[in-house]
$ cat target30.cif   # mmCIF, C-alpha atoms
data_model
#
loop_
_atom_site.label_atom_id
_atom_site.label_comp_id
_atom_site.auth_asym_id
_atom_site.auth_seq_id
_atom_site.Cartn_x
_atom_site.Cartn_y
_atom_site.Cartn_z
CA MET H 493 -22.86 -87.56 23.13
CA GLY H 494 -25.99 -89.03 24.81
CA GLY H 495 -28.64 -86.91 26.47
CA TRP H 496 -27.57 -87.97 29.94
CA ARG H 497 -23.97 -87.01 29.23
CA THR H 498 -24.91 -83.59 27.88
CA ALA H 499 -27.06 -82.89 30.94
CA LEU H 500 -24.39 -83.93 33.40
CA ALA H 501 -21.64 -82.03 31.60
CA ILE H 502 -23.73 -78.88 32.03
CA ALA H 503 -24.36 -79.76 35.67
CA ALA H 504 -20.68 -80.36 36.35
CA LEU H 505 -19.74 -77.05 34.76
CA SER H 506 -22.37 -75.26 36.84
CA ALA H 507 -21.08 -76.84 40.02
CA HIS H 508 -17.53 -75.85 39.10
CA PRO H 509 -17.89 -72.25 37.96
CA ALA H 510 -14.14 -71.66 37.88
CA VAL H 511 -13.55 -74.48 35.38
CA ARG H 512 -11.74 -73.61 32.17
CA LEU H 513 -12.20 -76.81 30.14
CA SER H 514 -12.55 -77.73 26.50
CA ALA H 515 -15.74 -79.40 25.29
CA GLN H 516 -13.90 -82.69 24.97
CA THR H 517 -12.63 -82.54 28.56
CA GLN H 518 -16.10 -81.70 29.85
CA SER H 519 -17.61 -84.79 28.25
CA GLN H 520 -14.79 -87.11 29.31
CA ASN H 521 -15.10 -86.12 32.96
CA ALA H 522 -18.87 -85.69 33.09
CA GLY H 523 -19.48 -88.74 35.27
CA ALA H 524 -16.60 -88.28 37.72
CA LEU H 525 -16.06 -84.58 38.44
CA PHE H 526 -18.26 -84.81 41.54
CA LEU H 527 -15.30 -86.45 43.31
CA LEU H 528 -13.70 -83.00 43.40
CA PHE H 529 -16.64 -81.35 45.19
CA PRO H 530 -15.61 -80.19 48.70
CA VAL H 531 -17.33 -81.88 51.65
CA GLY H 532 -17.46 -80.54 55.21
CA ALA H 533 -17.83 -77.04 56.64
CA GLN H 534 -14.60 -77.07 58.62
CA SER H 535 -12.36 -77.65 55.61
CA VAL H 536 -14.42 -75.34 53.37
CA GLY H 537 -14.18 -72.56 55.95
CA MET H 538 -10.39 -72.95 55.84
CA GLY H 539 -10.24 -72.55 52.08
CA GLN H 540 -10.60 -76.33 51.56
CA ALA H 541 -7.10 -76.89 52.99
CA ALA H 542 -7.42 -80.15 54.93
CA ALA H 543 -4.72 -82.63 53.84
CA ALA H 544 -2.89 -82.15 57.14
CA ILE H 545 -5.93 -81.65 59.40
CA GLU H 546 -6.71 -84.39 61.94
CA GLY H 547 -9.37 -85.40 64.40
CA ARG H 548 -12.48 -84.87 62.24
CA GLY H 549 -14.36 -87.41 60.16
CA GLU H 550 -14.84 -85.02 57.23
CA VAL H 551 -11.09 -85.06 56.49
CA VAL H 552 -11.59 -88.57 55.06
CA PHE H 553 -12.66 -86.99 51.76
CA LEU H 554 -9.22 -85.34 51.38
CA ASN H 555 -6.85 -87.57 53.36
CA PRO H 556 -7.96 -90.81 55.06
CA ALA H 557 -4.97 -90.67 57.41
CA GLY H 558 -6.58 -87.72 59.20
CA ILE H 559 -9.07 -89.94 61.02
CA GLY H 560 -6.28 -92.01 62.58
CA SER H 561 -6.13 -89.68 65.59
CA LEU H 562 -9.84 -90.01 66.48
CA SER H 563 -10.16 -91.08 70.13
CA THR H 564 -13.98 -91.25 70.29
CA SER H 565 -16.59 -92.53 67.86
CA GLU H 566 -18.13 -89.88 65.62
CA PHE H 567 -21.25 -89.62 63.46
CA ALA H 568 -21.66 -86.60 61.18
CA LEU H 569 -23.95 -85.14 58.52
CA HIS H 570 -22.73 -82.72 55.85
CA THR H 571 -24.86 -80.82 53.37
CA ALA H 572 -24.51 -78.06 50.79
CA ARG H 573 -26.42 -76.76 47.79
CA LEU H 574 -24.21 -76.08 44.81
CA ALA H 575 -25.35 -74.54 41.54
CA ALA H 576 -25.80 -78.04 40.09
CA GLY H 577 -27.85 -79.38 42.98
CA ALA H 578 -27.74 -80.71 46.51
CA THR H 579 -24.78 -82.58 47.98
CA ASN H 580 -25.21 -84.65 51.14
CA ALA H 581 -22.76 -86.87 53.00
CA ILE H 582 -22.86 -89.12 56.06
CA THR H 583 -19.75 -90.24 57.95
CA ALA H 584 -19.33 -92.65 60.85
CA PHE H 585 -16.05 -93.70 62.47
CA PHE H 586 -15.20 -96.02 65.35
CA PRO H 587 -11.74 -96.13 66.97
CA ARG H 588 -10.48 -99.34 68.55
CA ARG H 589 -7.61 -99.06 71.00
CA GLY H 590 -4.47 -100.71 69.72
CA VAL H 591 -6.08 -101.55 66.36
CA GLY H 592 -7.00 -98.32 64.59
CA VAL H 593 -10.04 -96.44 63.34
CA PHE H 594 -12.69 -98.06 61.15
CA GLY H 595 -15.52 -96.27 59.42
CA ALA H 596 -17.59 -95.54 56.38
CA ALA H 597 -18.92 -92.55 54.46
CA LEU H 598 -21.63 -92.00 51.88
CA ASP H 599 -21.53 -89.01 49.53
CA LEU H 600 -24.56 -88.30 47.31
CA VAL H 601 -24.84 -85.57 44.66
CA ASP H 602 -28.35 -84.95 43.32
CA TYR H 603 -28.37 -82.80 40.18
CA GLY H 604 -32.15 -82.51 40.14
CA ASP H 605 -34.65 -83.51 37.50
CA GLN H 606 -34.10 -82.17 33.97
CA ASP H 607 -36.47 -82.03 30.99
CA VAL H 608 -35.85 -83.88 27.73
CA ASN H 609 -37.39 -82.03 24.78
CA ASP H 610 -38.15 -83.16 21.24
CA SER H 611 -37.32 -81.21 18.07
CA ASN H 612 -40.38 -79.01 18.63
CA GLY H 613 -39.34 -78.05 22.15
CA THR H 614 -42.03 -80.18 23.78
CA THR H 615 -41.07 -81.97 26.98
CA ILE H 616 -41.34 -85.71 26.41
CA ALA H 617 -39.41 -87.08 29.39
CA ARG H 618 -37.51 -86.21 32.53
CA ILE H 619 -34.09 -87.45 33.53
CA ALA H 620 -32.66 -87.53 37.05
CA PRO H 621 -28.83 -87.71 37.18
CA ARG H 622 -27.20 -88.78 40.45
CA ASN H 623 -23.67 -89.49 41.66
CA LEU H 624 -22.83 -91.63 44.67
CA ALA H 625 -19.59 -92.60 46.39
CA LEU H 626 -19.44 -95.14 49.21
CA LEU H 627 -16.22 -95.18 51.25
CA ALA H 628 -14.90 -97.86 53.59
CA THR H 629 -11.92 -96.52 55.53
CA TYR H 630 -9.22 -97.75 57.89
CA ALA H 631 -6.56 -95.57 59.51
CA ALA H 632 -4.06 -96.03 62.31
CA GLN H 633 -1.35 -94.19 64.15
CA LEU H 634 1.79 -96.28 63.77
CA THR H 635 3.56 -94.09 66.30
CA GLY H 636 2.60 -90.90 68.04
CA ALA H 637 3.97 -89.01 65.06
CA VAL H 638 2.86 -91.03 62.02
CA SER H 639 -0.64 -91.92 60.73
CA LEU H 640 -1.58 -93.91 57.65
CA GLY H 641 -4.99 -94.41 56.09
CA VAL H 642 -6.72 -96.03 53.12
CA SER H 643 -10.24 -95.71 51.70
CA TYR H 644 -11.90 -98.03 49.24
CA LYS H 645 -14.45 -96.21 47.06
CA LEU H 646 -17.44 -97.64 45.25
CA ILE H 647 -18.41 -94.95 42.72
CA GLU H 648 -21.74 -94.94 40.92
CA PHE H 649 -23.27 -92.70 38.30
CA ARG H 650 -26.86 -93.18 37.17
CA VAL H 651 -29.44 -91.32 35.15
CA ASP H 652 -33.05 -92.47 35.60
CA CYS H 653 -35.58 -91.51 32.95
CA SER H 654 -39.37 -91.31 33.05
CA GLY H 655 -41.75 -90.60 30.17
CA SER H 656 -41.12 -91.17 26.44
CA CYS H 657 -37.42 -91.71 26.91
CA PRO H 658 -35.29 -91.54 23.75
CA PRO H 659 -32.36 -93.95 23.27
CA LEU H 660 -29.40 -93.34 25.59
CA SER H 661 -31.44 -90.92 27.71
CA GLY H 662 -30.67 -93.09 30.74
CA GLY H 663 -27.43 -94.57 31.93
CA HIS H 664 -25.72 -96.40 34.75
CA GLY H 665 -22.09 -97.00 35.59
CA VAL H 666 -20.07 -98.32 38.52
CA THR H 667 -16.35 -98.26 39.18
CA HIS H 668 -13.86 -98.63 42.04
CA ALA H 669 -11.03 -96.51 43.42
CA LEU H 670 -8.67 -96.05 46.36
CA ASP H 671 -7.59 -93.07 48.43
CA LEU H 672 -4.17 -93.47 50.10
CA GLY H 673 -2.88 -91.05 52.71
CA GLY H 674 -0.29 -90.37 55.35
CA GLN H 675 0.38 -87.72 57.99
CA PHE H 676 3.35 -87.10 60.24
CA THR H 677 4.27 -84.50 62.82
CA VAL H 678 7.51 -82.56 63.09
CA GLY H 679 9.18 -81.21 66.21
CA ALA H 680 9.12 -82.06 69.90
CA ASP H 681 5.80 -80.27 70.45
CA ARG H 682 4.33 -81.79 67.26
CA ALA H 683 3.00 -78.40 66.25
CA LEU H 684 3.71 -78.95 62.54
CA ARG H 685 1.75 -81.68 60.77
CA VAL H 686 2.40 -82.68 57.15
CA GLY H 687 -0.07 -84.64 55.05
CA VAL H 688 0.22 -86.44 51.71
CA ALA H 689 -2.66 -88.14 49.86
CA LEU H 690 -3.35 -89.75 46.50
CA ARG H 691 -7.07 -89.53 45.77
CA ASN H 692 -9.35 -91.31 43.29
CA LEU H 693 -6.84 -93.84 42.04
CA GLY H 694 -8.94 -96.33 40.11
CA PHE H 695 -10.69 -97.47 36.95
CA PRO H 696 -12.57 -95.25 34.48
CA LEU H 697 -16.30 -94.85 34.98
CA GLN H 698 -17.93 -96.68 32.06
CA VAL H 699 -21.62 -96.08 31.32
CA ASN H 700 -22.33 -96.94 27.67
CA ASN H 701 -19.15 -98.43 26.26
CA ARG H 702 -15.41 -98.42 26.76
CA ASP H 703 -14.81 -95.58 24.28
CA GLN H 704 -17.01 -93.30 26.38
CA ALA H 705 -15.49 -94.27 29.75
CA ASP H 706 -14.77 -91.28 32.00
CA PRO H 707 -11.32 -91.27 33.65
CA LEU H 708 -11.40 -90.55 37.35
CA PRO H 709 -9.94 -87.21 38.49
CA THR H 710 -6.91 -88.68 40.26
CA ARG H 711 -5.17 -86.07 42.41
CA LEU H 712 -1.97 -85.86 44.45
CA VAL H 713 -2.16 -83.43 47.37
CA VAL H 714 0.54 -82.32 49.81
CA GLY H 715 -0.33 -80.10 52.74
CA ALA H 716 0.92 -78.76 56.04
CA ALA H 717 -0.76 -77.37 59.15
CA TYR H 718 0.88 -75.49 62.01
CA ARG H 719 -0.76 -75.14 65.40
CA LEU H 720 0.19 -72.29 67.72
CA LEU H 721 -0.98 -72.24 71.34
CA LEU H 722 -1.56 -68.67 72.42
CA HIS H 723 0.04 -67.96 75.81
CA PRO H 724 -2.58 -68.64 78.50
CA ALA H 725 -1.14 -65.93 80.76
CA ALA H 726 -2.40 -63.39 78.27
CA PHE H 727 -5.94 -64.41 79.18
CA GLY H 728 -5.45 -64.70 82.94
CA ASN H 729 -6.29 -68.41 83.30
CA ALA H 730 -3.90 -71.28 82.76
CA ASP H 731 -6.82 -73.57 81.93
CA ASP H 732 -7.88 -71.41 78.99
CA ARG H 733 -6.63 -72.71 75.65
CA PHE H 734 -6.74 -70.37 72.71
CA ASP H 735 -4.99 -71.63 69.63
CA LEU H 736 -4.34 -70.67 66.02
CA ASN H 737 -4.08 -73.16 63.15
CA VAL H 738 -2.62 -72.24 59.76
CA ALA H 739 -2.93 -74.69 56.86
CA ALA H 740 -1.94 -74.86 53.19
CA ASP H 741 -2.40 -77.50 50.46
CA VAL H 742 -0.96 -77.93 46.99
CA GLU H 743 -2.84 -80.31 44.68
CA SER H 744 -2.09 -81.48 41.15
CA PRO H 745 -3.56 -84.00 38.70
CA TRP H 746 -1.72 -87.32 38.96
CA ARG H 747 0.88 -87.79 36.18
CA GLU H 748 -0.13 -84.61 34.42
CA THR H 749 1.58 -81.27 34.02
CA GLY H 750 0.01 -77.91 34.65
CA ASN H 751 -0.54 -75.30 37.30
CA PRO H 752 -1.37 -76.86 40.68
CA ASP H 753 -4.28 -75.84 42.87
CA VAL H 754 -3.34 -73.97 46.04
CA ARG H 755 -5.49 -73.70 49.17
CA VAL H 756 -4.72 -71.72 52.32
CA GLY H 757 -6.67 -71.23 55.53
CA VAL H 758 -6.65 -70.26 59.19
CA ASP H 759 -8.66 -71.46 62.19
CA VAL H 760 -8.60 -69.65 65.52
CA GLY H 761 -10.65 -70.16 68.64
CA TYR H 762 -11.16 -71.29 72.21
CA ARG H 763 -10.87 -75.06 72.57
CA GLU H 764 -13.62 -76.66 70.47
CA ALA H 765 -16.29 -74.38 71.95
CA LEU H 766 -15.89 -71.59 69.39
CA ARG H 767 -13.87 -71.53 66.17
CA VAL H 768 -13.61 -68.83 63.51
CA ARG H 769 -12.17 -69.70 60.10
CA GLY H 770 -11.14 -68.11 56.84
CA GLY H 771 -9.30 -69.11 53.70
CA TYR H 772 -8.86 -68.92 49.97
CA ALA H 773 -8.93 -71.65 47.31
CA PHE H 774 -6.98 -71.00 44.11
CA VAL H 775 -8.35 -73.91 42.08
CA HIS H 776 -8.95 -74.64 38.41
CA GLU H 777 -11.69 -77.30 38.67
CA GLY H 778 -13.76 -76.44 41.72
CA LEU H 779 -15.09 -73.72 43.98
CA SER H 780 -12.47 -71.01 43.64
CA GLY H 781 -12.39 -67.94 45.87
CA PRO H 782 -12.43 -66.83 49.52
CA SER H 783 -14.39 -68.51 52.26
CA VAL H 784 -15.34 -67.92 55.88
CA GLY H 785 -16.66 -70.24 58.55
CA ILE H 786 -17.59 -70.70 62.17
CA GLY H 787 -17.83 -73.70 64.47
CA VAL H 788 -19.47 -74.17 67.87
CA ALA H 789 -19.53 -77.18 70.16
CA THR H 790 -21.01 -78.09 73.51
CA GLY H 791 -20.46 -81.42 75.10
CA SER H 792 -20.51 -84.11 72.42
CA ILE H 793 -22.38 -82.06 69.80
CA GLY H 794 -20.80 -79.72 67.27
CA VAL H 795 -22.06 -77.61 64.38
CA ASP H 796 -19.99 -75.95 61.64
CA LEU H 797 -21.02 -73.43 58.99
CA ALA H 798 -19.03 -72.16 56.02
CA ARG H 799 -19.69 -70.01 52.98
CA THR H 800 -17.65 -69.56 49.83
CA PHE H 801 -17.59 -66.42 47.71
CA LEU H 802 -16.98 -67.53 44.14
CA SER H 803 -14.52 -65.65 41.96
CA GLY H 804 -12.96 -66.07 38.54
CA THR H 805 -16.26 -66.89 36.80
CA ASP H 806 -18.71 -65.14 34.52
CA LEU H 807 -21.57 -67.41 35.57
CA VAL H 808 -24.25 -65.92 37.79
CA VAL H 809 -24.59 -68.53 40.52
CA PRO H 810 -25.30 -68.27 44.26
CA ASN H 811 -22.46 -68.56 46.74
CA PRO H 812 -22.91 -71.99 48.39
CA THR H 813 -23.27 -72.51 52.15
CA PHE H 814 -21.98 -75.68 53.82
CA LEU H 815 -23.40 -77.13 57.04
CA SER H 816 -21.93 -79.94 59.17
CA PHE H 817 -23.45 -81.53 62.25
CA ARG H 818 -21.53 -84.11 64.31
CA VAL H 819 -22.03 -86.17 67.44
CA GLU H 820 -19.27 -87.87 69.41
CA PHE H 821 -20.05 -90.92 71.51
#
$ encode --input "target30.cif" --output "structure tokens"
Amino acid sequence: MGGWRTALAIAALSAHPAVRLSAQTQSQNAGALFLLFPVGAQSVGMGQAAAAIEGRGEVVFLNPAGIGSLSTSEFALHTARLAAGATNAITAFFPRRGVGVFGAALDLVDYGDQDVNDSNGTTIARIAPRNLALLATYAAQLTGAVSLGVSYKLIEFRVDCSGSCPPLSGGHGVTHALDLGGQFTVGADRALRVGVALRNLGFPLQVNNRDQADPLPTRLVVGAAYRLLLHPAAFGNADDRFDLNVAADVESPWRETGNPDVRVGVDVGYREALRVRGGYAFVHEGLSGPSVGIGVATGSIGVDLARTFLSGTDLVVPNPTFLSFRVEF
């Protein structure tokens, strides 16, 4: 195993403290596990349950069909600092009446610089591993009850080296993948929304040679979200709109057997002005544990915060905080 692969395997394990993987599995997935990192404070605050959520650009990372209901253009920034390093994402989406919603997203994971030491323990070089995913997305509502979406992904892994770099201390690989998704509502009031998505369906990420290619973490996710409007008479004003959203996702590796990941969450608040969220993620390769979040919005500007409380791990790592900032125009 090359130096870059060893470094990134450690980084991936640090970012996924609930992982229970063999050494072979760690190395095979070292260049692609970042695709499982959660993005966006709204979904993280709801226990990462977002396959059936609509109307936010961040849902593109779990189900591209969720952006099909956007009625205004949106630009958003998402950031978090995991144990392995900083994750940052940018999303921009533009609806066109009668055509659909077009947009793009950029997700960057920076694992930070790492020392390369010789047999005497002397630092001779520094490597800088990075992961990047560029998404181009289209989604549309075929009817008022059905949305479909697709994302093309350009996935890149690179390790830059400076100093007296030993052989294979650097590396670079590019591959391609698709996310396919659909959502549909049930009932006359459309309170129940069901989402299905197949994520990261593509070619292995090859850096050095074909034998060392990393298979992408292809996942099938099915989720549901139920929205309950609290009776306005209870608050004395028919214009007030308090609502409660309950969501749950089940996710499994594509064409593999094993225990699925389960995510559950709630979101309650007054319109978009103030939202309070909570949830729990029961996952095997990711940030497992409870989470809480809050969202505020005024006019066309919104800010969301979420924090996860990691469980099921013996590693001493900080609980990550997620921040999202969006502008509608």
$ residues_near_point --input "target30.cif" --point "(-14.3, -98.3, 68.1)" --cutoff "10 Å" --atoms "only C-alpha atoms" --output "list in words"
Leu562, Ser563, Thr564, Ser565, Glu566, Phe585, Phe586, Pro587, Arg588, Arg589, Val591, Gly592, Val593, Phe594, Gly595 and Phe821 of chain H
$ write_last_selection --input "target30.cif" --atoms "C-alpha atoms" --output "CSV table (one decimal), keeping the file's coordinate frame"
chain,number,residue,atom,x,y,z
H,562,LEU,CA,-9.8,-90.0,66.5
H,563,SER,CA,-10.2,-91.1,70.1
H,564,THR,CA,-14.0,-91.2,70.3
H,565,SER,CA,-16.6,-92.5,67.9
H,566,GLU,CA,-18.1,-89.9,65.6
H,585,PHE,CA,-16.0,-93.7,62.5
H,586,PHE,CA,-15.2,-96.0,65.4
H,587,PRO,CA,-11.7,-96.1,67.0
H,588,ARG,CA,-10.5,-99.3,68.6
H,589,ARG,CA,-7.6,-99.1,71.0
H,591,VAL,CA,-6.1,-101.6,66.4
H,592,GLY,CA,-7.0,-98.3,64.6
H,593,VAL,CA,-10.0,-96.4,63.3
H,594,PHE,CA,-12.7,-98.1,61.2
H,595,GLY,CA,-15.5,-96.3,59.4
H,821,PHE,CA,-20.0,-90.9,71.5
$ residues_around --input "target30.cif" --residues "Ile559 in chain H" --least-positions-apart "2" --cutoff "7 Å" --atoms "all atoms listed in the file" --output "list in words"
Glu546, Gly547, Arg548, Gly549, Val551, Val552, Pro556, Ala557, Ser561, Leu562, Val593 and Ala631 of chain H
$ write_last_selection --input "target30.cif" --atoms "C-alpha atoms" --output "PDB file, in the coordinates of the input"
ATOM      1  CA  GLU H 546      -6.710 -84.390  61.940  1.00  0.00           C
ATOM      2  CA  GLY H 547      -9.370 -85.400  64.400  1.00  0.00           C
ATOM      3  CA  ARG H 548     -12.480 -84.870  62.240  1.00  0.00           C
ATOM      4  CA  GLY H 549     -14.360 -87.410  60.160  1.00  0.00           C
ATOM      5  CA  VAL H 551     -11.090 -85.060  56.490  1.00  0.00           C
ATOM      6  CA  VAL H 552     -11.590 -88.570  55.060  1.00  0.00           C
ATOM      7  CA  PRO H 556      -7.960 -90.810  55.060  1.00  0.00           C
ATOM      8  CA  ALA H 557      -4.970 -90.670  57.410  1.00  0.00           C
ATOM      9  CA  SER H 561      -6.130 -89.680  65.590  1.00  0.00           C
ATOM     10  CA  LEU H 562      -9.840 -90.010  66.480  1.00  0.00           C
ATOM     11  CA  VAL H 593     -10.040 -96.440  63.340  1.00  0.00           C
ATOM     12  CA  ALA H 631      -6.560 -95.570  59.510  1.00  0.00           C
TER      13      ALA H 631
END
$ closest_residue --input "target30.cif" --among "H:Gly687, H:Gly558, H:Gly785, H:Gly663" --to "Thr629 in chain H" --atoms "all atoms listed in the file"
H:Gly558
$ closest_atom_pairs --input "target30.cif" --of "range 679-794 of chain H" --to "range 530-543 of chain H" --cutoff "6 Å" --atoms "all atoms listed in the file" --output "CSV"
residue,atom,partner,partner_atom,distance
H:Gly687,CA,H:Ala543,CA,5.2
H:Gly715,CA,H:Ala543,CA,5.2
H:Ala740,CA,H:Ala541,CA,5.5
H:Asp741,CA,H:Ala541,CA,5.4
H:Arg755,CA,H:Ala541,CA,5.2
H:Val756,CA,H:Gly539,CA,5.6
H:Gly757,CA,H:Met538,CA,4.1
H:Val758,CA,H:Met538,CA,5.7
H:Arg769,CA,H:Gly537,CA,5.4
H:Gly770,CA,H:Met538,CA,5.0
H:Gly771,CA,H:Gly539,CA,3.9
H:Tyr772,CA,H:Gly539,CA,4.4
H:Ala773,CA,H:Gly539,CA,5.0
H:Ser783,CA,H:Gly537,CA,5.5
H:Val784,CA,H:Gly537,CA,4.8
H:Gly785,CA,H:Gly537,CA,4.3
$ closest_residue --input "target30.cif" --among "H:Pro621, H:Gly613, H:Gly679, H:Gly694" --to "Val601 in chain H" --atoms "all atoms listed in the file"
H:Pro621
$ resolve_selection --input "target30.cif" --expression "the PyMOL selection byres ((chain H and resi 572) around 9)" --output "number ranges by chain"
H: 531-533, 570-571, 573-574, 577-580, 812-816
$ atom_distance --input "target30.cif" --atom1 "CA of Ala717 in chain H" --atom2 "CA of Ala680 in chain H"
15.3 Å
$ resolve_selection --input "target30.cif" --expression "the PyMOL selection byres ((chain H and resi 712-714) around 8)" --output "VMD selection string"
chain H and resid 543 686 to 691 710 to 711 715 to 716 741 to 746
$ atom_distance --input "target30.cif" --atom1 "CA of Ser654 in chain H" --atom2 "CA of Thr615 in chain H"
11.3 Å
$ closest_residue --input "target30.cif" --among "H:Thr583, H:Ala620, H:Asn692, H:Pro709" --to "Glu748 in chain H" --atoms "only C-alpha atoms"
H:Pro709
$ atom_distance --input "target30.cif" --atom1 "CA of Arg622 in chain H" --atom2 "CA of Val651 in chain H"
6.3 Å
$ residues_around --input "target30.cif" --residues "Tyr644 in chain H" --least-positions-apart "4" --cutoff "8 Å" --atoms "only C-alpha atoms" --output "list in words"
Leu627, Ala628, Thr629, His668, Ala669, Leu670 and Asp671 of chain H
$ closest_residue --input "target30.cif" --among "H:Arg799, H:Arg767, H:Arg818, H:Arg682" --to "Gly787 in chain H" --atoms "only C-alpha atoms"
H:Arg767
